[in-house]
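Peer 1: One structure is given below, represented as structure tokens, and several questions about it will come after.
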Amino acid sequence: MRTTAIFNRVRTAAGRFARADQGNIAVLFAIAAVPILSFVGAAIDYTRANSARSSMQAALDSTALMLAKDLSDGTIKASDINQKAQDYFKALYTNTEARAVTVSATYTASTSQGSTIVVNGSGNVPTDFMKVAGFPQIGFDTSSTSAWGNVRMR
């Protein structure tokens with residue numbers, strides 16, 4: 001008998017809640033605010049990571065071109081490419097949000113396709129909003145290739 005009384009009270013309260021039309025919008029707004037704020041926060045974190053990646057791409061492009069010029073002029077040797085790439089990149093990359101930024105350069109000497117330099121970069125941006133969902137950082141990678149030389153067209 002006791003469980004029947006509790007069941008009747010719960011059913012009556014649920015019926016009143018379903019029929020109520022005063023203040024329901026506040027409850028719906030509170031429920032909907034959580035995912036909306038989460039998506040806005042994720043968009044902010046993604047925008048910061050995309051900005052860092054775009055800055056890295058511009059710095060890598062300039063680094064690859066400067067290395068190609070230096071190699072073709074004979075200013076640097078092939079063994080100095082990695083150190084020179086890191087020096088050029090460090091001077092050009094001004095984004096302060098990126099962490100664990102690494103740069104490496106690979107030189108392929110003159111072949112039938114001409115000489116090429118490939119500069120690869122990677123890093124990550126710590127998140128402010130997405131770390132609540134288990135994503136403490138957003139990683140990104142990018143690369144740039146510079147090719148030059150006289151190649152006979154056939």
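Chain labels run A, B, ... following the order of the structure tokens; each chain numbers its residues from 1, and ligands are numbered from 1 in the order shown.
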Assign secondary structure with DSSP using the backbone only, and return the residues of region 1-108 of chain A in strand (DSSP E) as a PDB file with all heavy atoms, in the first residue's frame.
Peer 2:
ATOM      1  N   ARG A  99      52.684  25.711 -28.641  1.00  0.00           N
ATOM      2  CA  ARG A  99      53.649  25.076 -27.751  1.00  0.00           C
ATOM      3  C   ARG A  99      54.271  23.877 -28.481  1.00  0.00           C
ATOM      4  O   ARG A  99      53.689  23.342 -29.413  1.00  0.00           O
ATOM      5  CB  ARG A  99      52.968  24.563 -26.476  1.00  0.00           C
ATOM      6  CG  ARG A  99      52.206  25.608 -25.705  1.00  0.00           C
ATOM      7  CD  ARG A  99      53.149  26.549 -24.963  1.00  0.00           C
ATOM      8  NE  ARG A  99      52.412  27.497 -24.159  1.00  0.00           N
ATOM      9  CZ  ARG A  99      52.168  28.736 -24.523  1.00  0.00           C
ATOM     10  NH1 ARG A  99      52.581  29.185 -25.672  1.00  0.00           N
ATOM     11  NH2 ARG A  99      51.501  29.552 -23.721  1.00  0.00           N
ATOM     12  N   ALA A 100      55.418  23.446 -28.021  1.00  0.00           N
ATOM     13  CA  ALA A 100      56.110  22.269 -28.567  1.00  0.00           C
ATOM     14  C   ALA A 100      56.266  22.365 -30.082  1.00  0.00           C
ATOM     15  O   ALA A 100      55.987  21.418 -30.806  1.00  0.00           O
ATOM     16  CB  ALA A 100      55.375  20.981 -28.177  1.00  0.00           C
ATOM     17  N   VAL A 101      56.719  23.510 -30.552  1.00  0.00           N
ATOM     18  CA  VAL A 101      56.892  23.730 -31.985  1.00  0.00           C
ATOM     19  C   VAL A 101      58.210  23.093 -32.430  1.00  0.00           C
ATOM     20  O   VAL A 101      59.256  23.334 -31.831  1.00  0.00           O
ATOM     21  CB  VAL A 101      56.892  25.237 -32.309  1.00  0.00           C
ATOM     22  CG1 VAL A 101      57.184  25.479 -33.764  1.00  0.00           C
ATOM     23  CG2 VAL A 101      55.557  25.853 -31.924  1.00  0.00           C
ATOM     24  N   THR A 102      58.136  22.251 -33.463  1.00  0.00           N
ATOM     25  CA  THR A 102      59.326  21.630 -34.026  1.00  0.00           C
ATOM     26  C   THR A 102      59.373  21.874 -35.523  1.00  0.00           C
ATOM     27  O   THR A 102      58.333  21.936 -36.183  1.00  0.00           O
ATOM     28  CB  THR A 102      59.366  20.112 -33.768  1.00  0.00           C
ATOM     29  OG1 THR A 102      58.204  19.526 -34.360  1.00  0.00           O
ATOM     30  CG2 THR A 102      59.403  19.805 -32.288  1.00  0.00           C
ATOM     31  N   VAL A 103      60.590  22.019 -36.037  1.00  0.00           N
ATOM     32  CA  VAL A 103      60.797  22.267 -37.466  1.00  0.00           C
ATOM     33  C   VAL A 103      61.936  21.373 -37.935  1.00  0.00           C
ATOM     34  O   VAL A 103      62.954  21.248 -37.254  1.00  0.00           O
ATOM     35  CB  VAL A 103      61.150  23.746 -37.727  1.00  0.00           C
ATOM     36  CG1 VAL A 103      61.469  23.976 -39.174  1.00  0.00           C
ATOM     37  CG2 VAL A 103      60.029  24.644 -37.288  1.00  0.00           C
ATOM     38  N   SER A 104      61.766  20.766 -39.105  1.00  0.00           N
ATOM     39  CA  SER A 104      62.840  19.976 -39.708  1.00  0.00           C
ATOM     40  C   SER A 104      62.847  20.228 -41.206  1.00  0.00           C
ATOM     41  O   SER A 104      61.803  20.495 -41.807  1.00  0.00           O
ATOM     42  CB  SER A 104      62.658  18.492 -39.417  1.00  0.00           C
ATOM     43  OG  SER A 104      61.478  18.021 -40.035  1.00  0.00           O
ATOM     44  N   ALA A 105      64.020  20.158 -41.798  1.00  0.00           N
ATOM     45  CA  ALA A 105      64.165  20.404 -43.226  1.00  0.00           C
ATOM     46  C   ALA A 105      64.885  19.226 -43.873  1.00  0.00           C
ATOM     47  O   ALA A 105      65.799  18.642 -43.292  1.00  0.00           O
ATOM     48  CB  ALA A 105      64.943  21.688 -43.463  1.00  0.00           C
ATOM     49  N   THR A 106      64.448  18.876 -45.085  1.00  0.00           N
ATOM     50  CA  THR A 106      65.053  17.800 -45.857  1.00  0.00           C
ATOM     51  C   THR A 106      65.433  18.343 -47.221  1.00  0.00           C
ATOM     52  O   THR A 106      64.598  18.951 -47.910  1.00  0.00           O
ATOM     53  CB  THR A 106      64.059  16.632 -46.031  1.00  0.00           C
ATOM     54  OG1 THR A 106      63.594  16.233 -44.748  1.00  0.00           O
ATOM     55  CG2 THR A 106      64.717  15.466 -46.719  1.00  0.00           C
ATOM     56  N   TYR A 107      66.673  18.127 -47.603  1.00  0.00           N
ATOM     57  CA  TYR A 107      67.185  18.623 -48.882  1.00  0.00           C
ATOM     58  C   TYR A 107      67.438  17.446 -49.808  1.00  0.00           C
ATOM     59  O   TYR A 107      68.074  16.465 -49.421  1.00  0.00           O
ATOM     60  CB  TYR A 107      68.466  19.412 -48.648  1.00  0.00           C
ATOM     61  CG  TYR A 107      69.210  19.797 -49.909  1.00  0.00           C
ATOM     62  CD1 TYR A 107      68.624  20.599 -50.871  1.00  0.00           C
ATOM     63  CD2 TYR A 107      70.508  19.352 -50.126  1.00  0.00           C
ATOM     64  CE1 TYR A 107      69.301  20.961 -52.008  1.00  0.00           C
ATOM     65  CE2 TYR A 107      71.201  19.716 -51.255  1.00  0.00           C
ATOM     66  CZ  TYR A 107      70.599  20.510 -52.200  1.00  0.00           C
ATOM     67  OH  TYR A 107      71.277  20.866 -53.334  1.00  0.00           O
ATOM     68  N   THR A 108      66.939  17.540 -51.028  1.00  0.00           N
ATOM     69  CA  THR A 108      67.220  16.553 -52.063  1.00  0.00           C
ATOM     70  C   THR A 108      68.019  17.260 -53.145  1.00  0.00           C
ATOM     71  O   THR A 108      67.525  18.211 -53.765  1.00  0.00           O
ATOM     72  CB  THR A 108      65.914  15.980 -52.655  1.00  0.00           C
ATOM     73  OG1 THR A 108      65.124  15.451 -51.586  1.00  0.00           O
ATOM     74  CG2 THR A 108      66.212  14.891 -53.654  1.00  0.00           C
TER      75      THR A 108
END
Peer 1: Neighbours of region 136-147 of chain A within 8 Å (only C-alpha atoms; same-chain residues fewer than 5 positions away dropped), as number ranges by chain?
Peer 2: A: 46, 49, 53, 56-57, 60-61, 64-65, 68, 114-128, 130-131
Peer 1: Find the distance between CA of Gly74 (chain A) and CA of Ala109 (chain A) and write it in Å to one decimal.
Peer 2: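 So the two atoms, CA of Gly74 (chain A) and CA of Ala109 (chain A), lie 13.0 Å apart.
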Peer 1: Hey, can you check how far CA of Gly15 (chain A) sits from CA of Ile31 (chain A)?
Peer 2: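 Computing the Euclidean distance for CA of Gly15 (chain A) and CA of Ile31 (chain A) yields 20.3 Å.
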Peer 1: State, in Å with one decimal place, the distance from CA of Ser38 (chain A) to CA of Phe129 (chain A).
Peer 2: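 It comes out at 7.3 Å.
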